[in-house]
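Shown next: my_file-v2.tsv, given as TSV, C-alpha atoms.
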```
chain	number	residue	atom	x	y	z
A	1	MET	CA	-26.11	-6.32	-33.87
A	2	ASN	CA	-26.08	-8.85	-36.72
A	3	THR	CA	-27.47	-12.37	-36.83
A	4	ASP	CA	-23.96	-13.89	-36.75
A	5	PHE	CA	-23.36	-12.34	-33.36
A	6	ILE	CA	-26.70	-13.66	-32.09
A	7	ALA	CA	-25.81	-17.15	-33.35
A	8	ALA	CA	-22.37	-16.90	-31.71
A	9	ILE	CA	-23.95	-16.11	-28.32
A	10	GLN	CA	-26.30	-19.08	-28.61
A	11	GLU	CA	-23.50	-21.43	-29.67
A	12	LEU	CA	-21.22	-20.19	-26.91
A	13	GLY	CA	-23.93	-20.82	-24.35
A	14	LYS	CA	-24.28	-24.43	-25.50
A	15	GLU	CA	-20.52	-24.98	-25.51
A	16	LYS	CA	-20.02	-23.61	-21.99
A	17	GLY	CA	-23.16	-25.24	-20.61
A	18	ILE	CA	-24.78	-21.87	-19.91
A	19	ASP	CA	-28.38	-20.96	-20.73
A	20	SER	CA	-28.19	-18.51	-23.67
A	21	GLU	CA	-31.20	-16.64	-22.25
A	22	LEU	CA	-29.03	-15.62	-19.29
A	23	LEU	CA	-26.43	-14.25	-21.71
A	24	PHE	CA	-29.04	-12.25	-23.64
A	25	GLN	CA	-30.47	-10.94	-20.39
A	26	ALA	CA	-26.99	-9.82	-19.32
A	27	VAL	CA	-26.46	-8.09	-22.69
A	28	GLU	CA	-29.79	-6.26	-22.41
A	29	GLU	CA	-28.90	-5.03	-18.90
A	30	ALA	CA	-25.49	-3.86	-20.14
A	31	LEU	CA	-27.06	-1.98	-23.04
A	32	VAL	CA	-29.44	-0.19	-20.69
A	33	THR	CA	-26.43	0.95	-18.66
A	34	ALA	CA	-24.59	2.02	-21.83
A	35	TYR	CA	-27.63	3.99	-23.09
A	36	LYS	CA	-28.11	5.84	-19.81
A	37	LYS	CA	-24.42	6.67	-19.63
A	38	LYS	CA	-24.38	8.16	-23.15
A	39	PHE	CA	-27.88	9.60	-23.56
A	40	GLY	CA	-29.03	10.46	-20.06
A	41	SER	CA	-29.36	8.48	-16.82
A	42	ALA	CA	-32.69	9.92	-15.66
A	43	GLN	CA	-34.84	8.13	-18.21
A	44	ASN	CA	-36.29	4.67	-17.57
A	45	VAL	CA	-35.59	2.45	-20.56
A	46	ARG	CA	-35.75	-1.19	-21.57
A	47	VAL	CA	-33.70	-2.89	-24.29
A	48	ASP	CA	-35.26	-5.58	-26.41
A	49	ILE	CA	-33.16	-7.87	-28.65
A	50	ASN	CA	-34.82	-9.83	-31.45
A	51	LYS	CA	-33.09	-13.23	-31.32
A	52	ASP	CA	-34.03	-14.01	-34.94
A	53	THR	CA	-33.04	-10.81	-36.76
A	54	GLY	CA	-30.55	-9.32	-34.28
A	55	GLU	CA	-32.45	-6.01	-34.22
A	56	ILE	CA	-32.14	-3.91	-31.06
A	57	HIS	CA	-34.86	-1.60	-29.79
A	58	VAL	CA	-34.51	0.84	-26.91
A	59	LEU	CA	-37.92	1.49	-25.35
A	60	ALA	CA	-38.41	4.49	-23.07
A	61	GLN	CA	-40.87	3.71	-20.28
A	62	HIS	CA	-43.36	6.37	-19.11
A	63	GLN	CA	-46.07	6.14	-16.49
A	64	VAL	CA	-49.45	7.53	-17.43
A	65	VAL	CA	-50.54	10.41	-15.14
A	66	ASP	CA	-53.58	12.68	-15.00
A	67	ASN	CA	-53.66	15.52	-17.52
A	68	ASN	CA	-53.62	18.14	-14.74
A	69	SER	CA	-50.47	16.75	-13.12
A	70	SER	CA	-46.99	18.15	-13.67
A	71	ILE	CA	-45.15	15.86	-16.10
A	72	SER	CA	-41.64	14.53	-15.31
A	73	VAL	CA	-39.20	12.88	-17.71
A	74	ASN	CA	-40.52	9.39	-16.87
A	75	GLU	CA	-44.20	10.30	-17.12
A	76	ILE	CA	-46.73	10.92	-19.89
A	77	SER	CA	-50.10	12.62	-19.73
A	78	LEU	CA	-53.26	10.60	-20.17
A	79	GLU	CA	-54.13	12.65	-23.26
A	80	GLU	CA	-50.83	11.83	-24.98
A	81	ALA	CA	-51.14	8.19	-23.98
A	82	LYS	CA	-54.67	8.00	-25.41
A	83	ALA	CA	-53.33	9.43	-28.65
A	84	LEU	CA	-51.00	6.44	-28.89
A	85	ASP	CA	-53.58	3.88	-27.78
A	86	SER	CA	-57.05	4.50	-26.44
A	87	CYS	CA	-56.75	1.58	-24.01
A	88	TYR	CA	-54.28	3.37	-21.73
A	89	GLU	CA	-55.42	4.46	-18.25
A	90	VAL	CA	-53.76	6.39	-15.43
A	91	GLY	CA	-51.02	4.27	-13.83
A	92	ASP	CA	-50.24	2.23	-16.96
A	93	ILE	CA	-46.73	2.07	-18.43
A	94	VAL	CA	-46.29	3.33	-21.98
A	95	GLU	CA	-43.23	2.22	-23.96
A	96	VAL	CA	-42.01	4.60	-26.67
A	97	GLU	CA	-39.32	3.82	-29.25
A	98	ALA	CA	-36.12	5.67	-28.29
A	99	THR	CA	-33.42	3.84	-30.22
A	100	PRO	CA	-30.62	6.30	-31.17
A	101	LYS	CA	-28.88	6.24	-34.53
A	102	ASN	CA	-25.75	4.04	-34.70
A	103	PHE	CA	-26.74	2.38	-31.40
A	104	GLY	CA	-25.96	-1.00	-32.98
A	105	ARG	CA	-22.22	-0.25	-32.94
A	106	ILE	CA	-22.32	0.79	-29.26
A	107	ALA	CA	-24.41	-2.27	-28.50
A	108	THR	CA	-21.98	-4.68	-30.15
A	109	GLN	CA	-18.97	-3.27	-28.28
A	110	ASN	CA	-20.71	-3.51	-24.90
A	111	ALA	CA	-22.25	-6.88	-25.69
A	112	LYS	CA	-18.89	-8.52	-26.35
A	113	GLN	CA	-17.49	-7.36	-23.01
A	114	VAL	CA	-20.59	-8.39	-21.08
A	115	VAL	CA	-20.83	-11.81	-22.71
A	116	VAL	CA	-17.19	-12.59	-21.93
A	117	GLN	CA	-17.59	-11.40	-18.33
A	118	ARG	CA	-20.86	-13.27	-17.78
A	119	ILE	CA	-19.38	-16.47	-19.22
A	120	ARG	CA	-16.48	-16.21	-16.78
A	121	GLU	CA	-18.89	-15.70	-13.88
A	122	ALA	CA	-21.12	-18.55	-15.03
A	123	GLU	CA	-18.15	-20.90	-15.41
A	124	ARG	CA	-17.01	-20.01	-11.89
A	125	ASP	CA	-20.49	-20.73	-10.56
A	126	ILE	CA	-20.61	-24.06	-12.39
A	127	VAL	CA	-17.20	-25.08	-11.02
A	128	TYR	CA	-18.19	-23.92	-7.53
A	129	GLU	CA	-21.41	-25.98	-7.55
A	130	ARG	CA	-19.62	-29.03	-8.94
A	131	PHE	CA	-16.96	-29.04	-6.24
A	132	LEU	CA	-19.37	-27.98	-3.49
A	133	ASN	CA	-21.17	-31.27	-4.12
A	134	ARG	CA	-17.84	-33.09	-3.79
A	135	GLU	CA	-16.96	-31.91	-0.29
A	136	ASN	CA	-15.73	-34.87	1.78
A	137	ASP	CA	-14.68	-36.64	-1.41
A	138	ILE	CA	-11.33	-37.54	-2.99
A	139	VAL	CA	-9.98	-35.74	-6.04
A	140	THR	CA	-6.87	-36.41	-8.10
A	141	GLY	CA	-4.78	-33.55	-9.43
A	142	VAL	CA	-1.32	-32.51	-10.58
A	143	ILE	CA	1.00	-30.44	-8.39
A	144	GLN	CA	1.28	-27.09	-10.16
A	145	ARG	CA	3.40	-25.00	-7.85
A	146	MET	CA	4.49	-24.41	-4.23
A	147	GLU	CA	4.38	-21.03	-2.51
A	148	ASN	CA	4.90	-20.18	1.18
A	149	LYS	CA	4.72	-23.89	2.05
A	150	ASN	CA	1.30	-24.14	0.35
A	151	VAL	CA	0.98	-26.73	-2.39
A	152	TYR	CA	-1.24	-25.75	-5.35
A	153	ILE	CA	-2.84	-28.66	-7.20
A	154	ASP	CA	-4.38	-28.37	-10.65
A	155	LEU	CA	-7.81	-30.05	-10.73
A	156	GLY	CA	-8.62	-29.01	-14.30
A	157	LYS	CA	-10.61	-25.78	-14.30
A	158	VAL	CA	-9.62	-24.82	-10.76
A	159	GLU	CA	-6.70	-25.04	-8.34
A	160	ALA	CA	-6.84	-26.70	-4.93
A	161	ILE	CA	-4.75	-25.53	-1.99
A	162	LEU	CA	-2.99	-27.96	0.35
A	163	THR	CA	-1.92	-25.90	3.38
A	164	PRO	CA	0.95	-26.93	5.71
A	165	ASN	CA	-1.51	-28.01	8.43
A	166	GLU	CA	-3.11	-30.49	6.02
A	167	GLN	CA	0.18	-31.96	4.77
A	168	ILE	CA	1.65	-35.20	6.10
A	169	ASN	CA	4.89	-34.58	7.99
A	170	GLY	CA	7.90	-35.73	6.02
A	171	GLU	CA	5.96	-36.14	2.77
A	172	ILE	CA	7.82	-34.74	-0.26
A	173	TYR	CA	5.87	-32.94	-2.97
A	174	GLN	CA	7.32	-32.48	-6.45
A	175	TYR	CA	6.15	-30.53	-9.49
A	176	HIS	CA	3.91	-32.42	-11.95
A	177	ASP	CA	3.35	-35.33	-9.54
A	178	ARG	CA	-0.19	-36.74	-9.57
A	179	MET	CA	-1.68	-36.90	-6.09
A	180	LYS	CA	-4.95	-37.74	-4.35
A	181	THR	CA	-6.36	-35.30	-1.81
A	182	TYR	CA	-9.54	-34.94	0.26
A	183	ILE	CA	-11.80	-31.89	-0.18
A	184	ILE	CA	-12.53	-30.37	3.22
A	185	GLU	CA	-14.02	-27.02	2.17
A	186	VAL	CA	-15.15	-25.12	-0.94
A	187	LYS	CA	-15.20	-21.31	-0.67
A	188	ARG	CA	-16.77	-18.80	-3.06
A	189	THR	CA	-14.43	-15.85	-3.78
A	190	ASN	CA	-14.32	-12.95	-6.26
A	191	LYS	CA	-11.64	-14.78	-8.22
A	192	GLY	CA	-13.61	-17.99	-8.38
A	193	PRO	CA	-14.04	-21.03	-6.13
A	194	GLN	CA	-11.27	-21.82	-3.66
A	195	ILE	CA	-10.85	-25.54	-2.95
A	196	MET	CA	-9.21	-26.48	0.36
A	197	VAL	CA	-7.87	-30.05	0.46
A	198	SER	CA	-6.19	-32.34	2.99
A	199	ARG	CA	-4.08	-35.48	3.21
A	200	THR	CA	-4.26	-35.72	7.01
A	201	HIS	CA	-8.03	-35.78	7.55
A	202	PRO	CA	-9.46	-39.09	8.90
A	203	GLY	CA	-12.08	-38.91	6.15
A	204	PHE	CA	-9.28	-39.24	3.57
A	205	LEU	CA	-8.41	-42.70	4.89
A	206	LYS	CA	-12.07	-43.69	5.01
A	207	ARG	CA	-12.66	-42.65	1.40
A	208	LEU	CA	-9.53	-44.49	0.25
A	209	PHE	CA	-10.96	-47.71	1.69
A	210	GLU	CA	-14.32	-47.01	0.05
A	211	LEU	CA	-12.57	-46.66	-3.31
A	212	GLU	CA	-10.36	-49.73	-2.86
A	213	VAL	CA	-12.73	-52.19	-1.15
A	214	PRO	CA	-15.89	-53.07	-3.14
A	215	GLU	CA	-17.63	-54.45	-0.04
A	216	ILE	CA	-17.36	-51.04	1.64
A	217	HIS	CA	-18.45	-49.21	-1.50
A	218	ASP	CA	-21.51	-51.46	-1.79
A	219	GLY	CA	-22.40	-51.05	1.90
A	220	VAL	CA	-21.86	-54.70	2.84
A	221	VAL	CA	-18.96	-53.73	5.13
A	222	GLU	CA	-19.22	-50.55	7.18
A	223	ILE	CA	-16.40	-48.44	8.58
A	224	LYS	CA	-17.47	-47.59	12.12
A	225	SER	CA	-14.60	-45.37	13.24
A	226	VAL	CA	-11.22	-44.01	12.14
A	227	ALA	CA	-8.29	-42.79	14.24
A	228	ARG	CA	-5.20	-41.33	12.57
A	229	GLU	CA	-1.78	-39.99	13.35
A	230	PRO	CA	-1.00	-38.97	9.76
A	231	GLY	CA	2.16	-40.38	8.26
A	232	ARG	CA	2.76	-42.69	11.21
A	233	ARG	CA	-0.12	-45.00	12.07
A	234	SER	CA	-3.89	-45.37	11.80
A	235	LYS	CA	-6.63	-47.64	13.07
A	236	ILE	CA	-10.03	-48.31	11.52
A	237	SER	CA	-12.85	-50.46	12.89
A	238	VAL	CA	-15.10	-52.33	10.47
A	239	TYR	CA	-18.39	-54.19	10.81
A	240	THR	CA	-20.71	-56.33	8.72
A	241	ALA	CA	-24.08	-57.91	9.39
A	242	GLU	CA	-23.31	-60.71	6.92
A	243	GLU	CA	-22.20	-63.85	8.76
A	244	ASN	CA	-20.30	-65.25	5.78
A	245	ILE	CA	-18.12	-62.17	5.29
A	246	ASP	CA	-14.99	-61.35	7.27
A	247	PRO	CA	-14.91	-57.52	7.37
A	248	VAL	CA	-11.22	-57.39	8.30
A	249	GLY	CA	-10.27	-59.85	5.58
A	250	ALA	CA	-12.27	-57.92	2.99
A	251	CYS	CA	-10.30	-54.76	3.80
A	252	VAL	CA	-6.94	-56.52	3.85
A	253	GLY	CA	-7.55	-58.27	0.53
A	254	HIS	CA	-5.79	-61.24	-1.07
A	255	LYS	CA	-2.22	-61.31	0.25
A	256	GLY	CA	-2.81	-57.84	1.71
A	257	MET	CA	-3.07	-56.22	-1.73
A	258	ARG	CA	-5.99	-53.89	-0.91
A	259	VAL	CA	-4.58	-52.40	2.26
A	260	GLN	CA	-1.10	-52.24	0.74
A	261	THR	CA	-2.41	-50.03	-2.07
A	262	ILE	CA	-3.70	-47.58	0.53
A	263	VAL	CA	-0.46	-47.76	2.52
A	264	ASN	CA	1.47	-46.90	-0.64
A	265	GLU	CA	-0.82	-43.93	-1.31
A	266	LEU	CA	-0.12	-42.69	2.24
A	267	ARG	CA	3.63	-43.14	1.77
A	268	GLY	CA	4.02	-46.02	4.19
A	269	GLU	CA	1.56	-45.07	6.96
A	270	LYS	CA	0.84	-48.24	8.98
A	271	ILE	CA	-2.83	-49.23	9.19
A	272	ASP	CA	-4.45	-51.53	11.77
A	273	ILE	CA	-7.84	-52.92	10.77
A	274	VAL	CA	-9.90	-54.17	13.72
A	275	LYS	CA	-13.31	-55.75	14.03
A	276	TYR	CA	-16.02	-53.62	15.59
A	277	SER	CA	-18.07	-55.07	18.45
A	278	GLU	CA	-21.08	-53.72	20.31
A	279	ASP	CA	-19.56	-55.16	23.48
A	280	PRO	CA	-17.24	-52.37	24.74
A	281	ALA	CA	-14.87	-54.83	26.43
A	282	GLN	CA	-14.42	-56.84	23.25
A	283	TYR	CA	-14.19	-53.68	21.13
A	284	VAL	CA	-11.37	-52.27	23.27
A	285	ALA	CA	-9.57	-55.61	23.20
A	286	ASN	CA	-9.80	-55.66	19.40
A	287	ALA	CA	-8.66	-52.04	19.15
A	288	LEU	CA	-5.42	-52.79	21.02
A	289	SER	CA	-4.38	-55.13	18.20
A	290	PRO	CA	-1.74	-56.42	17.53
A	291	ALA	CA	-1.41	-56.89	21.30
A	292	LYS	CA	-3.30	-59.81	22.90
A	293	VAL	CA	-5.61	-59.00	25.80
A	294	VAL	CA	-6.02	-61.36	28.79
A	295	SER	CA	-8.97	-59.61	30.46
A	296	THR	CA	-10.93	-56.37	30.49
A	297	ASP	CA	-12.94	-54.61	33.18
A	298	ILE	CA	-15.46	-51.94	32.17
A	299	ASN	CA	-16.44	-48.93	34.29
A	300	ASP	CA	-19.54	-47.54	32.55
A	301	GLU	CA	-19.92	-44.47	34.76
A	302	GLU	CA	-16.42	-43.13	34.15
A	303	LYS	CA	-16.17	-44.82	30.72
A	304	ILE	CA	-12.85	-46.39	31.62
A	305	CYS	CA	-11.72	-49.81	30.47
A	306	ARG	CA	-9.02	-51.53	32.55
A	307	VAL	CA	-7.10	-54.00	30.42
A	308	VAL	CA	-4.69	-56.76	31.43
A	309	VAL	CA	-2.14	-58.03	28.89
A	310	PRO	CA	0.69	-60.58	29.13
A	311	ASP	CA	3.91	-59.16	30.57
A	312	TYR	CA	5.82	-59.61	27.33
A	313	GLN	CA	3.13	-57.69	25.38
A	314	LEU	CA	2.83	-54.64	27.62
A	315	SER	CA	5.11	-52.48	25.47
A	316	LEU	CA	3.32	-53.68	22.33
A	317	ALA	CA	-0.09	-52.79	23.80
A	318	ILE	CA	1.06	-49.32	24.81
A	319	GLY	CA	3.06	-48.75	21.64
A	320	LYS	CA	5.92	-46.39	20.94
A	321	GLU	CA	5.35	-43.21	22.97
A	322	GLY	CA	1.90	-44.56	23.85
A	323	GLN	CA	0.77	-44.49	20.22
A	324	ASN	CA	-1.13	-47.81	20.12
A	325	ALA	CA	-3.06	-47.13	23.32
A	326	ARG	CA	-3.75	-43.54	22.25
A	327	LEU	CA	-5.17	-44.58	18.86
A	328	ALA	CA	-7.24	-47.36	20.45
A	329	ALA	CA	-8.76	-44.84	22.88
A	330	ARG	CA	-9.67	-42.47	20.03
A	331	LEU	CA	-11.10	-45.31	17.97
A	332	THR	CA	-13.35	-46.67	20.72
A	333	GLY	CA	-14.10	-43.49	22.67
A	334	TRP	CA	-13.06	-45.21	25.93
A	335	LYS	CA	-10.26	-44.30	28.32
A	336	ILE	CA	-7.95	-47.29	28.48
A	337	ASP	CA	-5.86	-48.28	31.53
A	338	ILE	CA	-3.37	-51.01	30.58
A	339	ARG	CA	-1.68	-53.33	33.10
A	340	SER	CA	0.56	-56.35	32.68
A	341	GLU	CA	-0.42	-59.63	34.37
A	342	SER	CA	2.26	-59.23	37.06
A	343	GLN	CA	1.18	-55.64	37.77
A	344	ALA	CA	-2.44	-56.74	37.97
A	345	ALA	CA	-1.50	-59.54	40.40
A	346	VAL	CA	0.34	-57.09	42.66
A	347	ASP	CA	-2.59	-54.68	42.52
A	348	ASN	CA	-4.96	-57.50	43.52
A	349	VAL	CA	-2.75	-58.47	46.49
A	350	ILE	CA	-2.59	-54.88	47.68
A	351	GLU	CA	-6.33	-54.49	47.25
A	352	ASN	CA	-7.02	-57.72	49.15
A	353	ASP	CA	-4.68	-56.63	51.95
A	354	GLU	CA	-6.44	-53.30	52.21
A	355	ASN	CA	-9.83	-55.02	52.30
A	356	SER	CA	-8.57	-57.43	54.95
A	357	GLU	CA	-7.23	-54.60	57.12
A	358	SER	CA	-10.53	-52.81	56.73
A	359	GLU	CA	-12.46	-55.84	57.95
A	360	GLU	CA	-10.16	-56.21	60.99
A	361	TYR	CA	-10.56	-52.52	61.76
A	362	LEU	CA	-14.35	-52.71	61.43
A	363	ASN	CA	-14.38	-55.52	64.00
A	364	SER	CA	-11.86	-53.84	66.32
A	365	LYS	CA	-12.41	-51.99	69.57
A	366	ASP	CA	-10.74	-48.86	68.08
A	367	TYR	CA	-13.35	-48.59	65.35
A	368	LEU	CA	-16.20	-49.05	67.79
A	369	GLU	CA	-14.78	-46.47	70.18
A	370	ASP	CA	-14.37	-44.03	67.28
A	371	GLY	CA	-18.07	-44.13	66.41
A	372	LYS	CA	-19.99	-45.48	69.39
A	373	ASP	CA	-19.78	-46.33	73.07
A	374	PHE	CA	-18.02	-49.71	73.15
A	375	LYS	CA	-19.90	-50.82	76.26
A	376	ASP	CA	-23.26	-50.13	74.56
A	377	VAL	CA	-22.22	-52.23	71.64
A	378	GLU	CA	-20.96	-54.98	73.94
A	379	LYS	CA	-24.32	-54.99	75.74
A	380	ASN	CA	-26.16	-55.22	72.46
A	381	GLU	CA	-23.99	-58.13	71.41
A	382	ASN	CA	-24.79	-59.97	74.70
```
Could you quickly redo this structure as structure tokens?
Amino acid sequence: MNTDFIAAIQELGKEKGIDSELLFQAVEEALVTAYKKKFGSAQNVRVDINKDTGEIHVLAQHQVVDNNSSISVNEISLEEAKALDSCYEVGDIVEVEATPKNFGRIATQNAKQVVVQRIREAERDIVYERFLNRENDIVTGVIQRMENKNVYIDLGKVEAILTPNEQINGEIYQYHDRMKTYIIEVKRTNKGPQIMVSRTHPGFLKRLFELEVPEIHDGVVEIKSVAREPGRRSKISVYTAEENIDPVGACVGHKGMRVQTIVNELRGEKIDIVKYSEDPAQYVANALSPAKVVSTDINDEEKICRVVVPDYQLSLAIGKEGQNARLAARLTGWKIDIRSESQAAVDNVIENDENSESEEYLNSKDYLEDGKDFKDVEKNEN
């Protein structure tokens, strides 16, 4: 193995960002395997490569045993060991030169194969670690191909897979289009890292706002919750402790430019931005935006919020096929019961009538006869 080959390994390690010592270690292990395969597998050997001269030495390893013991192929008697060096004792390991003639040619052939293979493995590991640290983050890639409804996206040194379940309904994907996706999982496989991405995950919307709104990126404005029906409509709740900052306005941007950029990225998905409140009643009312809420009644035990809205806004509060109410419930974590003002008025009348009938019954002779002797009660009253 000449010095040029040694220099090439070191340079290749620097270029690929791989420690050259790992490459030399891999070569040494490969040469041990090659030696055993060609010259006998029973012998314990170690290969040593001089990184300055390129010289290769195969060293057979023998354990020192007592002179009276039977000697195997991997052992040496104490007498023979002492002849080599008087310092050896029983149990020590003696290394004896065992480099065959023309082993340099065999070494070079094996070394090339091992270096190439180890570089591939190391590059896969580097890519895996890089993308593993980017889980729950957005990446931009180019659509490479589509197979079995899966979309394969080129991210540079690796492909990402966008499965049908993670695709937005109705979204059209074309070859060579640049597209943002959200990394949901990074898997290690024999063929290299497998990157699973999504365009439907709620985290995708959250990260888009973090990229587009500096106040969110800097931590001044916080996204509290996200609810999505991908491709149709989404709601996010935002909060800030700064009194002089409007969290909703910061997300909307001047003339709606910030939110419009995100809407365009999501191919027209409507986005409602609502202000978070620690008061559940106010939070639910905000979440039902754009509908206006007249009143709210909270049931903490059942975690139900009963909401009254103007008659003309009932359909707006519920939304098409219940979408607005459904997203508001997901956003807040509360069950929401929506009533119009006229429905609420009727419900109150019925409830009052029932309460009134109950009071009359409680004071009636029928009730007293049901539970007690009426005469006894009448005596007690007198």
Long-range neighbours of segment 115-132 of chain A as an MDAnalysis selection string, 12 Å cut-off, all atoms listed in the file, 3 positions minimum in chain | chainID A and resid 5:6 8:10 12:31 107:112 135:139 155:160 182:197
Write out as an NGL selection string which residues come within 7 Å of Leu59 of chain A when counting all atoms listed in the file, dropping same-chain ones fewer than 5 positions away.
-> :A and (45-47 or 95-98)
Determine, counting only C-alpha atoms, which protein, DNA and RNA residues have an atom within 10 Å of an atom of Asn299 of chain A; residues of the same chain fewer than 4 positions away are not included. Present the result as a compact mmCIF listing (two decimals) with C-alpha atoms, keeping the file's coordinate frame.
```txt
# COMPACT_ATOMS: atom_id res chain seq x y z
CA ALA A 281 -14.87 -54.83 26.43
CA LYS A 303 -16.17 -44.82 30.72
CA ILE A 304 -12.85 -46.39 31.62
CA CYS A 305 -11.72 -49.81 30.47
CA ARG A 306 -9.02 -51.53 32.55
CA TRP A 334 -13.06 -45.21 25.93
CA LYS A 335 -10.26 -44.30 28.32
```
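One finds atom CA of Ser277 of chain A at 28.5 Å from atom CA of Arg199 of chain A.
Each of A:Pro247, A:Pro310, A:Pro280, A:Gly170 was checked against Ala328 of chain A using all atoms listed in the file; the smallest atom-to-atom distance is that of A:Pro280.
In this structure, atom CA of Lys38 of chain A sits 22.5 Å away from atom CA of Val94 of chain A.
Restricting the calculation to all atoms listed in the file, the smallest distance between Glu89 of chain A and any of A:Glu75, A:Glu147, A:Asp279, A:Asp66 is found for A:Asp66.
The residue that comes closest to Gln343 of chain A, out of A:Ala329, A:Val259, A:Leu314, A:Gln323 and on the basis of only C-alpha atoms, is A:Leu314.
Note that the spacing between atom CA of Gly231 of chain A and atom CA of Glu265 of chain A amounts to 10.6 Å.
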Have a look at A:Ile93, A:Val238, A:Val309, A:Ile153 and name the one nearest to Glu278 of chain A; count all atoms listed in the file.
-> A:Val238
Counting only C-alpha atoms, give me one row per residue of segment 175-234 of chain A with an atom at most 12 Å from an atom of segment 249-252 of chain A, showing the shortest contact pair and its distance in Å to one decimal, sorted by chain then residue number, as a Markdown table.
```
| residue | atom | partner | partner_atom | distance |
| --- | --- | --- | --- | --- |
| A:Lys206 | CA | A:Cys251 | CA | 11.3 |
| A:Leu208 | CA | A:Cys251 | CA | 10.9 |
| A:Phe209 | CA | A:Cys251 | CA | 7.4 |
| A:Glu210 | CA | A:Cys251 | CA | 9.5 |
| A:Leu211 | CA | A:Cys251 | CA | 11.0 |
| A:Glu212 | CA | A:Cys251 | CA | 8.3 |
| A:Val213 | CA | A:Cys251 | CA | 6.1 |
| A:Pro214 | CA | A:Ala250 | CA | 8.6 |
| A:Glu215 | CA | A:Ala250 | CA | 7.1 |
| A:Ile216 | CA | A:Cys251 | CA | 8.3 |
| A:His217 | CA | A:Cys251 | CA | 11.2 |
| A:Val220 | CA | A:Ala250 | CA | 10.1 |
| A:Val221 | CA | A:Ala250 | CA | 8.2 |
| A:Glu222 | CA | A:Cys251 | CA | 10.4 |
| A:Ile223 | CA | A:Cys251 | CA | 10.0 |
```
Quick one: everything within 10 Å of Gln167 of chain A, counting only C-alpha atoms, minus sequence neighbours fewer than 6 positions away in the same chain. Send it as a VMD selection string.
-> chain A and resid 149 to 151 173 181 197 to 201 230 to 231
Could you give me, as an MDAnalysis selection string, the residues within 8 Å of Asn286 of chain A, counting all atoms listed in the file and dropping anything in the same chain fewer than 2 positions from it?
-> chainID A and resid 274:276 282:284 288:289
